[in-house]
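Q: Here it is, the structure, as structure tokens.
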Amino acid sequence: MDDLERAILISFDESGTIDSVLKSQAIAYCQQIKESTSICSICTERLCISKIVQVQFWCLQSLHEVLRVRYSSMGPEEKSFVRKTVFSMACYEAMGDKSSVRVLEGPAFIKNKLAQVLVTLIYFEYPLIWVSVFTDYLPHLSKGATVVDMFCRVLNALDDELISLEYPRSAEETAVAARVKDAMRQQCVSQIVRAWYEIISMYRNSDPEVCTSVLDSMRRYITWIDIGLIVNDAFIPLLFELILADGLPDQLRGAAVSCVLAVVSKRMDAKPKIRLLQSLQISRVFGLIAEDGDSELVEKVAALLTGYATEALDCSKRLNSQEDIAVSMELLDEVLPSVFYVMQNCEIDTTFSIVQFLSSYVATMRSLSPLREKQLRHVGQILEVIRAQIRYDPSYRDNLDVLDKIGREEENRMVEFRKDLFVLLRSVGRVAPDVTQVFIRNSLASAVASSTDRNVEEVEAALSLFYAYGESISDEALRSGSGILRELVPMLLSTRFPCHSSRLVALVYLDTIVRYMKFVQDHTEYIPMVLAAFLDERGIHHPNVNVSRKASYLFMRAVKMLKAKLVPFVETILQSLQDTVAQFTTMDCTSKELSGSEDGSHIFEAIGLLIGMEDVPLEKQADYLSALLTPLCQLVEASLLNAKVRNPEDSCAKIASIQQIIMAINSLSKGFSERLVIASRPAIGLMFKQTLDVFLQILVVYPKVEPLRCKVTSFIHRMVDTLGTSVFPYLPKALEQLLAESEPKKMVAFLVLLNQLICKFNTGLHDILEQVYPSIASRIFNILPREGFPSGPGSNTEEIRELQELQRTLYTFLHVITTHDLSSVFLSSKSSGYLDPMMQLLLYTACNHKDMLVRKSCVQIFIKLIKDWCSRPFGEEKVPGFQSFVIETFATSCCLYSVLDKSFELHDAHTLVLFGEIVLAQKVMYEKFGNDFLVHFVSKGFPTARCPQDLAAQYCQKLQGNDIEVLKSFYHSLIKILRQQQNGSFVFR
């Protein structure tokens with residue numbers, strides 16, 4: 001072994017025992033040899049004498065790289081030497097003396113690399129220089145299986161490296177591929193095909209492995225060679241003989257099937273294609289799919305049948321002659337039963353889309369009315385395919401029941417996978433509504449008749465089909481119970497499946513009931529059955545907590561839909577829910593099952609909707625509400641009394657318990673309207689006021705517990721909507737407690753509450769707002785930066801994000817105050833000191849904020865303040881200094897300079913909305929201040945912006961006119977002209 005061989009072995013070593021320095025030296029030495037001018041002769045010499053596969057591979061790889069990179073710079077003699085040497089190796093010829101090593105005796109990866117080298121020569125030399133490469137190779141095939149195998153590897157490498165369209169190709173590669181294919185078609189393809197035929201005929205029994213290799217190569221080439229070379233009286237019978245021969249290996253039979261599929265998939269005109277499909281007599285292979293469904297042969301036959309059906313369907317769409325269309329539909333009708341069987345029972349190639357094929361087939365039926373018996377049969381089989389495809393794999397049953405990570409992944413995957421299948425179901429339902437309804441009834445009946453829980457997946461699939469079918473039914477059809485719905489919905493409601501303990505079955509069962517609730521609305525005799533399904537162990541009392549929570553939510557939706565029709569059942573429902581409601585007064589709040597979950601509150605919302613109706617007598621209503629509120633409020637009061645003498649762990653549990661109670665009563669109150677609790681039944685309103693009184697104590701006892709603070713704030717929001725103006729006496733205390741904390745997040749929640757109060761009560765809130773505004777302004781203007789937030793690295797901190805959110809909420813708050821005629825609040829003796837910082841902040845934001853909608857709000861605030869605080873020209877000044885601030889600062893900075901800035905993008909939709917408000921502000925200022933505004937704006941602002949006198953005069957004319965749109969259009973043009981004049985050289989700010 002010489003230095004090069006040792007270096008090659010070291011460079012390929014992956015054992016980790018070689019010193020890294022030595023390995024680096026070996027790699028560098030190999031690279032140095034590779035770059036030498038005699039590398040081709042070094043490699044060919046080594047290939048003749050070395051039996052070490054690493055050395056053989058390195059030599060072939062080096063030859064491959066040299067040819068790819070340096071072919072154009074090689075001399076004619078060197079090219080000829082490499083060509084002859086490589087070709088001799090590929091033909092299994094000895095090089096030099098008789099003891100020469102033969103590369104074809106090496107492992108597969110060596111032969112594949114040799115094929116790659118030969119294909120690189122073909123790339124550069126065929127047919128211009130080396131015209132006879134293929135015709136010279138064919139005589140060598142008589143040497144036996146070794147050379148045949150190598151020839152197949154060369155053809156495969158040619159396809160991989162150059163011809164196949166499955167890989168992205170450069171323009172040059174595409175051109176070379178066309179050149180090679182054209183030359184092969186003219187010169188040698190027919191000879192290669194003849195060789196394929198002879199080899200397969202000769203070796204089919206003695207060496208099936210070689211035959212398989214030949215067929216795999218042939219499959220690749222069928223796509224572009226003359227189809228007549230394969231589709232003839234010799235080759236097609238041979239292929240089918242191989243496919244149908246029981247004694248042959250599955251790999252060989254499968255390779256023959258793949259060749260027939262390549263024939264079937266060949267791109268050609270529809271008319272000859274349909275004749276080709278007809279000639280294949282595909283029915284010969286139908287019986288093969290009933291064999292072992294997991295075998296490679298069955299998978300290949302499945303792919304052939306689905307490919308054949310796809311092509312027949314495609315032909316039917318492309319043909320014009322009715323006779324030809326009829327032929328294509330006959331072929332399709334013949335193959336479809338087998339295709340349906342395949343779809344239900346076999347593994348199918350992922351390149352074939354079941355849904356896409358079936359959707360196309362169903363689409364062809366839309367023009368046919370009525371459907372023939374055979375087509376109706378096919379519709380039934382399509383429905384069977386849908387049912388089989390949507391069925392869960394039983395191996396995931398436990399995972400889906402406990403909903404662990406694997407269960408969640410499988411459920412999410414299935415939800416996504418089912419979407420297209422359910423779209424297909426709706427399409428089938430439109431084409432054949434009667435067949436679809438009968439199928440769903442039979443599926444449901446079969447699931448109902450199921451006597452064991454072994455059929456969890458079957459039951460879930462049947463219910464899911466019924467649920468999905470409901471999406472395509474009109475509201476009118478649902479209400480009337482058209483077709484067999486009148487039979488199916490009662491069947492559903494009365495059923496107790498043995499596998500109802502399964503989470504999936506229980507959930508889809510309840511979802512399906514809600515989907516068909518419109519039927520129950522018009523057929524009230526079924527209400528007791530609906531209630532039973534929700535209230536027994538099928539729903540809210542289901543042993544699986546995930547089901548019972550979802551059942552609570554779905555029951556609430558059902559109550560919303562049935563409403564007054566449930567009044568006779570209120571007593572029964574409340575008795576059934578006693579234990580569920582009792583959990584809120586007795587539960588262990590540290591329990592993982594309920595901790596942090598708000599789903600339980602849906603039960604209280606449902607109860608609120610039931611007992612909050614005016615159809616319920618007042619006495620009963622008061623009793624029901626008291627029975628719910630009293631124990632819960634007592635529990636909160638007891639917790640508050642003992643708050644100071646409690647250990648931290650106990651305190652945590654009590655806080656969680658209080659949270660749960662607030663959420664429950666919050667949800668309960670949603671069923672009670674403001675009119676009922678204030679006008680018609682004030683006694684009910686009093687109960688909620690007392691509850692609010694209790695809950696406000698929570699803010700005193702637990703002022704810094706954020707979750708409780710959030711829940712109480714949410715309850716106050718709720719009571720504002722429920723109690724209306726009668727909530728006023730409670731607001732000062734509530735707002736005082738909420739304002740005790742000044743952290744940005746808490747201030748945001750506080751301002752959101754105030755916004756709701758202002759929008760609800762308008763000027764009625766004036767006195768309360770006047771009391772709290774000074775404290776709000778004091779805190780916010782002290783912590784918000786006057787001139788924007790920092791940008792760049794390190795500026796996106798949690799603290800800055802919270803301040804930005806507070807600033808955005810403040811602008812909304814100021815906007816709500818001004819637009820609800822409460823701007824006088826800013827002028828009270830306690831608030832007037834904050835007027836200047838407010839104006840400076842609004843001005844800076846109106847001119848500079850990145851969010852154009854925020855800037856728009858600030859401009860709108862200025863417009864409203866101008867209208868509120870400024871009378872007509874020469875009137876008394878309501879707010880000293882405001883008029884001059886608006887004319888001298890706001891007008892020029894916001895209405896002119898900020899618009900001229902390049903950041904003001906005039907093509908942006910939001911920016912154009914802001915622009916409209918800025919133009920409106922100018923109009924309002926002119927209406928209020930007259931020439932005071934106009935003279936200052938035109939004489940001070942326009943010259944700075946280098947505005948020509950004639951344009952300034954036109955502006956005055958448009959401003960004094962009555963058409964705001966004309967003014968806006970002119971000002972838009974003016975700004976564009978002024979920007980062009982500035983050319984980015986003048987900065988206003």
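Going by the structure tokens order, chains are called A, B, ..., each with residues numbered from 1, while ligands are numbered from 1 in the order shown.
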List the neighbours of Ala468 of chain A out to 8 Å using only C-alpha atoms; skip same-chain residues closer than 2 positions along the sequence, and give me the result as number ranges by chain.

A: A: 422, 425-426, 464-466, 470-472

Q: Taking C-alpha atoms for each residue, export the selection above as a PDB file, in the first residue's frame.

A:
```pdb
ATOM      1  CA  PHE A 422     -66.300  16.462   4.615  1.00  0.00           C
ATOM      2  CA  LEU A 425     -69.421  14.485   1.595  1.00  0.00           C
ATOM      3  CA  ARG A 426     -71.357  17.704   1.014  1.00  0.00           C
ATOM      4  CA  SER A 464     -69.126  12.675  12.578  1.00  0.00           C
ATOM      5  CA  LEU A 465     -70.741  11.948   9.197  1.00  0.00           C
ATOM      6  CA  PHE A 466     -74.150  12.967  10.549  1.00  0.00           C
ATOM      7  CA  GLY A 470     -75.806  18.982   8.797  1.00  0.00           C
ATOM      8  CA  GLU A 471     -73.577  21.758   7.431  1.00  0.00           C
ATOM      9  CA  SER A 472     -75.093  21.393   3.978  1.00  0.00           C
TER      10      SER A 472
END
```

Q: Mind the document's chain letters and residue numbers, and return as a PyMOL selection string the residues of segment 799-938 of chain A that DSSP labels alpha helix (DSSP H).

A: chain A and resi 799-819+835-848+852-869+882-885+891-892+898-900+909-929+931-936

Q: Counting only C-alpha atoms, what is within 8 Å of Ser501 of chain A, bar same-chain residues fewer than 6 positions away, as a list in words?

A: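 The residues satisfying every condition are Arg538, His542, Pro543 and Asn544 of chain A.
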
Q: Can those selected residues be exported to a file as an mmCIF file, in the first residue's frame so that it contains C-alpha atoms?

A:
```cif
data_model
loop_
_atom_site.group_PDB
_atom_site.id
_atom_site.type_symbol
_atom_site.label_atom_id
_atom_site.label_comp_id
_atom_site.auth_asym_id
_atom_site.auth_seq_id
_atom_site.Cartn_x
_atom_site.Cartn_y
_atom_site.Cartn_z
ATOM 1 C CA ARG A 538 -73.714 11.394 28.357
ATOM 2 C CA HIS A 542 -69.836 12.338 32.003
ATOM 3 C CA PRO A 543 -66.920 10.789 33.936
ATOM 4 C CA ASN A 544 -64.346 12.456 31.626
#
```

Q: For Thr44 of chain A, list every protein, DNA or RNA residue within 8 Å, evaluated using only C-alpha atoms, and leave out those in the same chain fewer than 3 positions away; present the list as a ChimeraX atom specification.

A: /A:40-41,47-48,59,82,85

Q: Residues of the last selection are to be written out with all heavy atoms, as a compact mmCIF listing (two decimals), in the first residue's frame.

A:
```
# COMPACT_ATOMS: atom_id res chain seq x y z
N CYS A 40 -6.19 11.92 -14.05
CA CYS A 40 -6.99 10.92 -14.78
C CYS A 40 -6.24 9.60 -14.90
O CYS A 40 -6.80 8.52 -14.68
CB CYS A 40 -7.37 11.44 -16.16
SG CYS A 40 -8.57 12.80 -16.09
N SER A 41 -4.97 9.68 -15.26
CA SER A 41 -4.19 8.43 -15.41
C SER A 41 -3.93 7.79 -14.05
O SER A 41 -3.93 6.56 -13.92
CB SER A 41 -2.87 8.71 -16.13
OG SER A 41 -2.12 9.69 -15.42
N LEU A 47 -7.71 2.10 -10.37
CA LEU A 47 -8.93 1.30 -10.54
C LEU A 47 -8.61 -0.08 -11.13
O LEU A 47 -9.35 -1.04 -10.92
CB LEU A 47 -9.92 2.04 -11.46
CG LEU A 47 -10.63 3.24 -10.81
CD1 LEU A 47 -11.31 4.10 -11.86
CD2 LEU A 47 -11.64 2.78 -9.76
N CYS A 48 -7.50 -0.17 -11.86
CA CYS A 48 -7.11 -1.46 -12.46
C CYS A 48 -6.40 -2.37 -11.46
O CYS A 48 -6.41 -3.60 -11.63
CB CYS A 48 -6.18 -1.23 -13.65
SG CYS A 48 -7.00 -0.45 -15.04
N CYS A 59 -11.19 7.28 -6.46
CA CYS A 59 -10.73 7.45 -7.85
C CYS A 59 -11.90 7.80 -8.76
O CYS A 59 -11.81 8.70 -9.61
CB CYS A 59 -10.05 6.17 -8.34
SG CYS A 59 -8.46 5.88 -7.53
N VAL A 82 -9.74 8.65 -21.16
CA VAL A 82 -10.75 8.49 -20.10
C VAL A 82 -11.97 7.77 -20.65
O VAL A 82 -12.52 6.85 -20.03
CB VAL A 82 -11.14 9.86 -19.51
CG1 VAL A 82 -12.32 9.71 -18.55
CG2 VAL A 82 -9.96 10.51 -18.81
N THR A 85 -11.24 4.04 -21.20
CA THR A 85 -11.03 3.35 -19.92
C THR A 85 -12.35 3.15 -19.18
O THR A 85 -12.66 2.05 -18.72
CB THR A 85 -10.06 4.16 -19.03
OG1 THR A 85 -8.89 4.46 -19.78
CG2 THR A 85 -9.70 3.39 -17.79
```

Q: Residues at most 10 Å from Trp196 of chain A, counting only C-alpha atoms, excluding those fewer than 3 positions away in the same chain, as an mmCIF file with N, CA and C atoms, in the first residue's frame?

A:
```cif
data_model
loop_
_atom_site.group_PDB
_atom_site.id
_atom_site.type_symbol
_atom_site.label_atom_id
_atom_site.label_comp_id
_atom_site.auth_asym_id
_atom_site.auth_seq_id
_atom_site.Cartn_x
_atom_site.Cartn_y
_atom_site.Cartn_z
ATOM 1 N N VAL A 148 -25.617 -6.441 -17.722
ATOM 2 C CA VAL A 148 -27.014 -5.968 -17.816
ATOM 3 C C VAL A 148 -27.316 -5.051 -16.639
ATOM 4 N N CYS A 152 -28.303 -1.027 -16.734
ATOM 5 C CA CYS A 152 -29.473 -0.454 -16.039
ATOM 6 C C CYS A 152 -29.053 0.714 -15.143
ATOM 7 N N SER A 190 -35.060 2.039 -30.046
ATOM 8 C CA SER A 190 -35.736 0.790 -30.450
ATOM 9 C C SER A 190 -34.846 -0.420 -30.150
ATOM 10 N N GLN A 191 -33.516 -0.261 -30.333
ATOM 11 C CA GLN A 191 -32.590 -1.359 -30.023
ATOM 12 C C GLN A 191 -32.547 -1.637 -28.517
ATOM 13 N N ILE A 192 -32.583 -0.540 -27.710
ATOM 14 C CA ILE A 192 -32.583 -0.710 -26.249
ATOM 15 C C ILE A 192 -33.849 -1.427 -25.805
ATOM 16 N N VAL A 193 -34.992 -1.043 -26.386
ATOM 17 C CA VAL A 193 -36.264 -1.675 -26.021
ATOM 18 C C VAL A 193 -36.223 -3.159 -26.400
ATOM 19 N N ILE A 199 -33.894 -9.598 -22.684
ATOM 20 C CA ILE A 199 -33.332 -9.890 -21.354
ATOM 21 C C ILE A 199 -34.430 -10.412 -20.423
ATOM 22 N N ILE A 200 -35.589 -9.713 -20.418
ATOM 23 C CA ILE A 200 -36.682 -10.129 -19.530
ATOM 24 C C ILE A 200 -37.161 -11.526 -19.897
ATOM 25 N N SER A 201 -37.294 -11.770 -21.213
ATOM 26 C CA SER A 201 -37.745 -13.098 -21.669
ATOM 27 C C SER A 201 -36.747 -14.180 -21.260
ATOM 28 N N MET A 202 -35.459 -13.848 -21.366
ATOM 29 C CA MET A 202 -34.407 -14.832 -21.081
ATOM 30 C C MET A 202 -34.254 -15.093 -19.581
ATOM 31 N N CYS A 211 -34.112 -8.968 -14.083
ATOM 32 C CA CYS A 211 -35.348 -8.549 -14.773
ATOM 33 C C CYS A 211 -35.988 -7.355 -14.073
ATOM 34 N N VAL A 214 -34.125 -4.232 -14.972
ATOM 35 C CA VAL A 214 -34.440 -3.801 -16.338
ATOM 36 C C VAL A 214 -35.793 -3.088 -16.364
ATOM 37 N N LEU A 215 -36.776 -3.676 -15.694
ATOM 38 C CA LEU A 215 -38.129 -3.084 -15.675
ATOM 39 C C LEU A 215 -38.137 -1.727 -14.964
ATOM 40 N N SER A 217 -35.669 0.393 -14.897
ATOM 41 C CA SER A 217 -35.098 1.356 -15.848
ATOM 42 C C SER A 217 -36.101 1.689 -16.943
ATOM 43 N N MET A 218 -36.752 0.648 -17.448
ATOM 44 C CA MET A 218 -37.719 0.816 -18.536
ATOM 45 C C MET A 218 -38.845 1.768 -18.109
ATOM 46 N N PHE A 235 -44.761 -6.746 -26.094
ATOM 47 C CA PHE A 235 -44.357 -6.305 -24.765
ATOM 48 C C PHE A 235 -45.501 -6.320 -23.736
#
```

Q: Given the choices A:Ser164, A:Asp136, A:Gly930, A:Ala749, which gets closest to Phe151 of chain A if the distance is worked out from only C-alpha atoms?

A: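 Looking only at the distances to Phe151 of chain A, the closest residue turns out to be A:Asp136.
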
Q: Nearest to Gly483 of chain A among A:Arg441, A:Arg515, A:Arg946, A:Arg169, with distances taken over only C-alpha atoms: which residue is it?

A: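 Closest to Gly483 of chain A of all the choices is A:Arg441.
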
Q: Out of A:Gln578, A:Gly429, A:Pro337, A:Pro394, which residue has the shortest atom-to-atom distance to Arg366 of chain A when counting only C-alpha atoms?

A: A:Gly429

Q: Within 8 Å of segment 662-673 of chain A, which residues of segment 678-779 of chain A show up? Give each one with its shortest atom-to-atom distance in Å (one decimal) and the two atoms involved, counting only C-alpha atoms, rows by chain then rising residue number, as CSV.

A:
```
residue,atom,partner,partner_atom,distance
A:Phe695,CA,A:Ile662,CA,7.9
A:Lys711,CA,A:Ile662,CA,6.5
A:Val712,CA,A:Ile662,CA,7.1
A:Ser714,CA,A:Asn666,CA,7.9
A:Phe715,CA,A:Asn666,CA,5.7
A:Arg718,CA,A:Asn666,CA,6.7
A:Thr722,CA,A:Ser673,CA,5.9
```

Q: Can I get the selected residues back with N, CA and C atoms, as a short mmCIF file (atom, residue, chain, number, x, y, z; two decimals), in the first residue's frame?

A:
```cif
data_model
loop_
_atom_site.label_atom_id
_atom_site.label_comp_id
_atom_site.auth_asym_id
_atom_site.auth_seq_id
_atom_site.Cartn_x
_atom_site.Cartn_y
_atom_site.Cartn_z
N PHE A 695 -68.39 41.80 46.62
CA PHE A 695 -67.21 41.64 45.77
C PHE A 695 -66.27 42.84 45.86
N LYS A 711 -60.74 39.83 38.01
CA LYS A 711 -62.08 39.23 38.05
C LYS A 711 -63.11 40.21 38.58
N VAL A 712 -62.75 40.99 39.62
CA VAL A 712 -63.69 41.98 40.18
C VAL A 712 -63.95 43.07 39.14
N SER A 714 -63.83 42.76 35.94
CA SER A 714 -64.71 42.15 34.93
C SER A 714 -66.15 42.12 35.44
N PHE A 715 -66.33 41.84 36.74
CA PHE A 715 -67.69 41.81 37.31
C PHE A 715 -68.32 43.20 37.32
N ARG A 718 -69.59 43.87 33.99
CA ARG A 718 -70.84 43.12 33.81
C ARG A 718 -72.02 43.84 34.46
N THR A 722 -75.71 45.29 33.42
CA THR A 722 -76.90 44.67 34.03
C THR A 722 -77.71 45.67 34.86
#
```

Q: Under the rule of at most 8 Å, produce a per-residue listing of segment 719-779 of chain A near segment 808-819 of chain A: chain, number, name, the closest pair of atoms, and the distance in Å, as a tab-separated table, using only C-alpha atoms.

A:
```
residue	atom	partner	partner_atom	distance
A:Val748	CA	A:Thr809	CA	6.3
A:Leu751	CA	A:Phe813	CA	6.5
A:Val752	CA	A:Thr809	CA	7.4
A:Leu754	CA	A:Phe813	CA	7.8
A:Asn755	CA	A:Phe813	CA	6.0
A:Ile758	CA	A:Ile817	CA	7.1
A:Cys759	CA	A:Val816	CA	7.3
```

Q: Tell me which of A:Val379, A:Val133, A:Leu739, A:Cys956 sits closest to Arg430 of chain A, counting only C-alpha atoms.

A: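 Among the listed residues, the smallest separation from Arg430 of chain A belongs to A:Val379.
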
Q: What does the distance from atom CA of Val66 of chain A to atom CA of Glu173 of chain A come to in Å, to one decimal?

A: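 Separation between atom CA of Val66 of chain A and atom CA of Glu173 of chain A: 18.2 Å.
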
Q: Mind giving me the straight-line distance from atom CA of Leu765 of chain A to atom CA of Thr713 of chain A in Å, one decimal?

A: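 Computing it gives 17.7 Å between the two atoms.
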
Q: Would you pick out the contacts of Ser367 of chain A at 12 Å or less, using only C-alpha atoms, so that residues sharing its chain but fewer than 4 positions from it are not included, and give the list as a count of residues only?

A: 6

Q: Skip Asp3 of chain A itself and residues of its chain fewer than 3 positions away, then list as a VMD selection string all residues within 10 Å of it, counting only C-alpha atoms.

A: chain A and resid 6 to 9 26 29 to 30

Q: Write the selection just made, keeping N, CA and C atoms, as a PDB file, in the first residue's frame?

A:
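Generated output (selection_38.pdb):
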```pdb
ATOM      1  N   ARG A   6      -2.904   4.941   1.509  1.00  0.00           N
ATOM      2  CA  ARG A   6      -2.986   5.161   2.967  1.00  0.00           C
ATOM      3  C   ARG A   6      -3.724   6.459   3.268  1.00  0.00           C
ATOM      4  N   ALA A   7      -3.412   7.520   2.512  1.00  0.00           N
ATOM      5  CA  ALA A   7      -4.061   8.824   2.723  1.00  0.00           C
ATOM      6  C   ALA A   7      -5.573   8.725   2.488  1.00  0.00           C
ATOM      7  N   ILE A   8      -5.962   7.975   1.433  1.00  0.00           N
ATOM      8  CA  ILE A   8      -7.398   7.806   1.134  1.00  0.00           C
ATOM      9  C   ILE A   8      -8.099   7.093   2.290  1.00  0.00           C
ATOM     10  N   LEU A   9      -7.477   6.005   2.787  1.00  0.00           N
ATOM     11  CA  LEU A   9      -8.073   5.243   3.891  1.00  0.00           C
ATOM     12  C   LEU A   9      -8.220   6.108   5.147  1.00  0.00           C
ATOM     13  N   ALA A  26      -3.860  13.975   5.612  1.00  0.00           N
ATOM     14  CA  ALA A  26      -4.244  12.988   4.594  1.00  0.00           C
ATOM     15  C   ALA A  26      -5.205  13.611   3.585  1.00  0.00           C
ATOM     16  N   TYR A  29      -3.338  15.952   1.333  1.00  0.00           N
ATOM     17  CA  TYR A  29      -2.508  15.216   0.365  1.00  0.00           C
ATOM     18  C   TYR A  29      -3.375  14.700  -0.788  1.00  0.00           C
ATOM     19  N   CYS A  30      -4.551  14.148  -0.443  1.00  0.00           N
ATOM     20  CA  CYS A  30      -5.480  13.649  -1.480  1.00  0.00           C
ATOM     21  C   CYS A  30      -5.916  14.789  -2.397  1.00  0.00           C
TER      22      CYS A  30
END
```

Q: For atom CA of Phe781 of chain A and atom CA of Gln807 of chain A, quote the distance in Å rounded to one decimal.

A: 9.6 Å
